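Listing of model-v3.txt; format and content: compact mmCIF, C-alpha atoms.
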# COMPACT_ATOMS: atom_id res chain seq x y z
CA MET A 1 0.00 0.00 0.00
CA PRO A 2 1.43 3.46 -0.92
CA GLU A 3 2.55 5.71 1.91
CA GLN A 4 -0.04 8.38 2.76
CA TYR A 5 1.01 11.95 3.44
CA GLU A 6 -0.40 15.43 3.18
CA LEU A 7 1.30 17.87 0.83
CA GLU A 8 0.31 21.51 0.73
CA LEU A 9 1.74 24.23 -1.52
CA ARG A 10 1.75 27.69 0.04
CA SER A 11 2.21 30.94 -1.82
CA LEU A 12 4.40 33.37 0.09
CA SER A 13 4.51 37.12 0.55
CA SER A 14 7.39 39.19 1.86
CA ASP A 15 5.91 38.75 5.36
CA ASP A 16 6.93 35.08 5.07
CA TRP A 17 10.59 36.03 4.67
CA SER A 18 11.80 34.04 7.70
CA LEU A 19 10.25 30.80 6.38
CA TRP A 20 11.82 31.43 2.95
CA ARG A 21 15.12 32.25 4.64
CA ASP A 22 15.16 29.01 6.62
CA LEU A 23 14.50 26.89 3.52
CA ARG A 24 16.91 28.79 1.29
CA LEU A 25 19.75 28.53 3.79
CA ALA A 26 19.00 24.81 4.21
CA ALA A 27 19.08 24.40 0.42
CA LEU A 28 22.38 26.22 0.02
CA ALA A 29 23.92 24.19 2.87
CA GLU A 30 22.59 20.80 1.73
CA ALA A 31 23.09 21.18 -2.04
CA PRO A 32 25.75 23.85 -2.66
CA HIS A 33 26.55 22.31 -6.06
CA ALA A 34 23.01 23.01 -7.29
CA PHE A 35 22.90 26.79 -7.12
CA GLY A 36 24.67 29.81 -8.53
CA SER A 37 24.45 31.49 -5.11
CA THR A 38 26.43 30.25 -2.16
CA LEU A 39 25.58 29.92 1.50
CA ALA A 40 28.21 32.56 2.25
CA ASP A 41 26.40 35.00 -0.09
CA TRP A 42 23.33 34.85 2.16
CA GLN A 43 25.01 34.70 5.57
CA GLY A 44 26.80 37.35 7.62
CA SER A 45 26.19 40.78 6.12
CA GLY A 46 24.02 39.15 3.41
CA ASP A 47 21.58 37.80 5.99
CA ARG A 48 19.33 40.83 6.41
CA GLU A 49 15.54 40.91 6.74
CA GLU A 50 15.19 43.58 4.05
CA ARG A 51 17.19 41.46 1.60
CA TRP A 52 15.01 38.40 2.24
CA ARG A 53 11.85 40.50 1.93
CA SER A 54 13.14 41.99 -1.32
CA ARG A 55 13.70 38.49 -2.75
CA LEU A 56 10.00 37.78 -2.14
CA GLU A 57 8.91 41.10 -3.70
CA ILE A 58 10.03 40.47 -7.29
CA PRO A 59 7.24 42.06 -9.35
CA GLY A 60 4.93 39.48 -10.92
CA ALA A 61 6.58 36.50 -9.19
CA LEU A 62 5.11 33.45 -7.48
CA ASP A 63 7.07 32.07 -4.51
CA LEU A 64 6.01 28.66 -3.20
CA VAL A 65 6.84 26.48 -0.24
CA ALA A 66 5.82 22.83 -0.07
CA VAL A 67 4.67 21.66 3.35
CA LEU A 68 4.71 17.91 3.95
CA ASP A 69 2.71 16.70 6.94
CA GLY A 70 3.00 20.18 8.47
CA THR A 71 6.75 20.63 7.86
CA PRO A 72 8.16 23.00 5.20
CA VAL A 73 10.34 20.78 2.99
CA ALA A 74 10.72 22.40 -0.44
CA MET A 75 10.61 25.67 -2.34
CA ALA A 76 10.40 27.13 -5.84
CA SER A 77 9.73 30.44 -7.55
CA GLY A 78 8.37 31.55 -10.88
CA ILE A 79 9.48 34.96 -12.13
CA PRO A 80 9.09 36.91 -15.36
CA ALA A 81 12.13 36.30 -17.58
CA ASP A 82 14.24 39.43 -17.98
CA GLU A 83 15.25 38.89 -21.58
CA ASP A 84 12.03 37.41 -23.01
CA GLN A 85 8.61 38.88 -22.23
CA SER A 86 6.88 35.72 -23.49
CA ALA A 87 8.70 33.54 -20.93
CA ALA A 88 8.71 32.94 -17.22
CA GLU A 89 11.61 31.41 -15.32
CA LEU A 90 11.58 28.65 -12.74
CA ILE A 91 14.19 29.49 -10.08
CA SER A 92 15.29 28.43 -6.59
CA LEU A 93 13.78 24.94 -6.79
CA TRP A 94 14.92 22.72 -3.94
CA VAL A 95 13.38 19.66 -2.34
CA GLY A 96 14.77 18.66 1.04
CA PRO A 97 16.05 15.13 1.59
CA LEU A 98 13.03 14.04 3.67
CA ALA A 99 10.65 14.90 0.83
CA ARG A 100 12.57 13.48 -2.13
CA GLY A 101 10.97 10.67 -4.08
CA ARG A 102 7.44 11.75 -3.12
CA GLY A 103 6.55 13.85 -6.16
CA VAL A 104 7.14 17.17 -4.38
CA GLY A 105 9.38 18.54 -7.14
CA ASP A 106 6.83 17.49 -9.76
CA ARG A 107 4.06 19.30 -7.86
CA LEU A 108 6.10 22.48 -7.52
CA ILE A 109 6.99 22.47 -11.22
CA ALA A 110 3.36 21.84 -12.20
CA GLU A 111 2.15 24.72 -10.04
CA ILE A 112 4.77 27.14 -11.40
CA ALA A 113 3.86 26.06 -14.96
CA ARG A 114 0.13 26.54 -14.21
CA TRP A 115 0.85 30.01 -12.83
CA ALA A 116 3.03 30.94 -15.83
CA ALA A 117 0.39 29.79 -18.33
CA GLY A 118 -2.28 31.70 -16.40
CA GLU A 119 -0.15 34.84 -16.60
CA GLY A 120 0.00 34.47 -20.39
CA TYR A 121 3.59 33.25 -20.71
CA ARG A 122 4.20 30.86 -23.60
CA THR A 123 7.41 29.31 -22.31
CA LEU A 124 8.81 28.28 -18.93
CA LYS A 125 12.60 28.31 -18.76
CA LEU A 126 15.19 27.40 -16.16
CA ALA A 127 18.93 27.18 -15.71
CA VAL A 128 20.49 24.13 -14.07
CA MET A 129 24.02 23.17 -13.23
CA PRO A 130 25.20 20.79 -15.97
CA HIS A 131 26.38 18.16 -13.47
CA ASN A 132 23.14 18.11 -11.41
CA ASP A 133 21.84 14.86 -12.86
CA ALA A 134 18.95 14.46 -10.40
CA ALA A 135 17.57 17.91 -11.22
CA ILE A 136 18.04 17.44 -14.96
CA THR A 137 16.14 14.14 -14.75
CA LEU A 138 13.31 15.86 -12.83
CA TYR A 139 13.08 18.66 -15.38
CA ARG A 140 13.15 16.36 -18.40
CA ARG A 141 10.45 14.18 -16.80
CA ASN A 142 8.36 17.35 -16.58
CA GLY A 143 8.72 18.20 -20.28
CA PHE A 144 11.75 20.48 -20.30
CA ALA A 145 14.21 20.20 -23.20
CA ASP A 146 17.49 21.84 -24.17
CA THR A 147 17.34 25.33 -25.64
CA ASP A 148 19.96 26.99 -27.80
CA GLU A 149 20.53 29.64 -25.12
CA LEU A 150 23.85 30.03 -23.35
CA GLY A 151 23.61 29.79 -19.60
CA ASP A 152 25.68 31.81 -17.17
CA LEU A 153 29.38 31.07 -17.11
CA LEU A 154 30.40 29.15 -14.00
CA ASP A 155 33.37 29.89 -11.75
CA ASP A 156 35.68 27.57 -13.68
CA GLY A 157 35.47 30.01 -16.60
CA THR A 158 34.65 27.34 -19.19
CA THR A 159 31.44 25.60 -18.10
CA ARG A 160 27.99 27.14 -18.49
CA GLU A 161 24.66 26.48 -16.86
CA LEU A 162 22.32 24.38 -18.96
CA VAL A 163 19.21 26.30 -20.07
CA LEU A 164 16.06 24.20 -20.47
CA GLY A 165 12.59 25.22 -21.53
CA LYS A 166 9.11 23.94 -22.15
CA ALA A 167 6.18 25.28 -24.07
CA LEU A 168 3.11 26.11 -22.00
structure tokens encoding of this file:
Amino acid sequence: MPEQYELELRSLSSDDWSLWRDLRLAALAEAPHAFGSTLADWQGSGDREERWRSRLEIPGALDLVAVLDGTPVAMASGIPADEDQSAAELISLWVGPLARGRGVGDRLIAEIARWAAGEGYRTLKLAVMPHNDAAITLYRRNGFADTDELGDLLDDGTTRELVLGKAL
């Protein structure tokens, strides 16, 4: 018999900054290889309430937290793409270890895609580290494919993020 659990997706406002902060710091600590930002970027002088609030005030964005059996375990955001007005971007997706393998990432992606389509975007894009096989598998399972866009250059000076997209 399949395991039963309750999964809720919550949309956040800037007043939820401390919840977002806790999850984002956990993500950067647990999976530093998966993000362009580092834990150090968001600690010390970078760990300020106004900065966290500002992150949740991106105009036109949707910021989600997944709550599994009452515990926040995952996060994702959808934002308007800077360079393409017909596209939204999926950013900051992270599923904590306790929630992996339960469809939480799939649910977050589906909700961000539903939001993006409802906002009139035709494409949902994302950038992923080229060596993050688990994330790439998740994205491909959810209909994302390679684009011809160049991702950001990584610290090694030769490798770029992989840019994926899907039609909505």
- Message: When you look at Glu83 in chain A with a cut-off of 12 Å (counting all atoms listed in the file), what residues show up, excluding the ones that are within fewer than 5 positions of it in the same chain? I need them as JSON, numbers by chain.
- Response: {"A": [88, 89, 125, 149]}
Leaving out Gly103 in chain A and any residue of its chain fewer than 5 positions from it, which residues lie within 12 Å of it when counting all atoms listed in the file, given as a PDB file with C-alpha atoms, in the coordinates of the input?
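Just written: result-v7.pdb:
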ATOM      1  CA  TYR A   5       1.010  11.950   3.440  1.00  0.00           C
ATOM      2  CA  GLU A   6      -0.400  15.430   3.180  1.00  0.00           C
ATOM      3  CA  LEU A   7       1.300  17.870   0.830  1.00  0.00           C
ATOM      4  CA  ALA A  66       5.820  22.830  -0.070  1.00  0.00           C
ATOM      5  CA  LEU A  68       4.710  17.910   3.950  1.00  0.00           C
ATOM      6  CA  ALA A  74      10.720  22.400  -0.440  1.00  0.00           C
ATOM      7  CA  VAL A  95      13.380  19.660  -2.340  1.00  0.00           C
ATOM      8  CA  GLY A  96      14.770  18.660   1.040  1.00  0.00           C
ATOM      9  CA  LEU A  98      13.030  14.040   3.670  1.00  0.00           C
ATOM     10  CA  LEU A 108       6.100  22.480  -7.520  1.00  0.00           C
ATOM     11  CA  ILE A 109       6.990  22.470 -11.220  1.00  0.00           C
ATOM     12  CA  ALA A 110       3.360  21.840 -12.200  1.00  0.00           C
ATOM     13  CA  LEU A 138      13.310  15.860 -12.830  1.00  0.00           C
ATOM     14  CA  ARG A 141      10.450  14.180 -16.800  1.00  0.00           C
ATOM     15  CA  ASN A 142       8.360  17.350 -16.580  1.00  0.00           C
TER      16      ASN A 142
END
- Message: What's the separation between CA of Glu57 in chain A and CA of Ala29 in chain A, in Å to one decimal place?
- Response: 23.5 Å
- Closest of A:Arg102, A:Arg53, A:Arg107, A:His131 to Arg21 in chain A - atom-to-atom distances counting only C-alpha atoms: A:Arg53
- Rank A:Leu162, A:Ile91, A:Ala145, A:Leu62 by their smallest atom-to-atom distance to Arg24 in chain A, using all atoms listed in the file, and report the top residue only. A:Ile91
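What separates CA of Val128 in chain A from CA of Arg100 in chain A is a distance of 17.9 Å.
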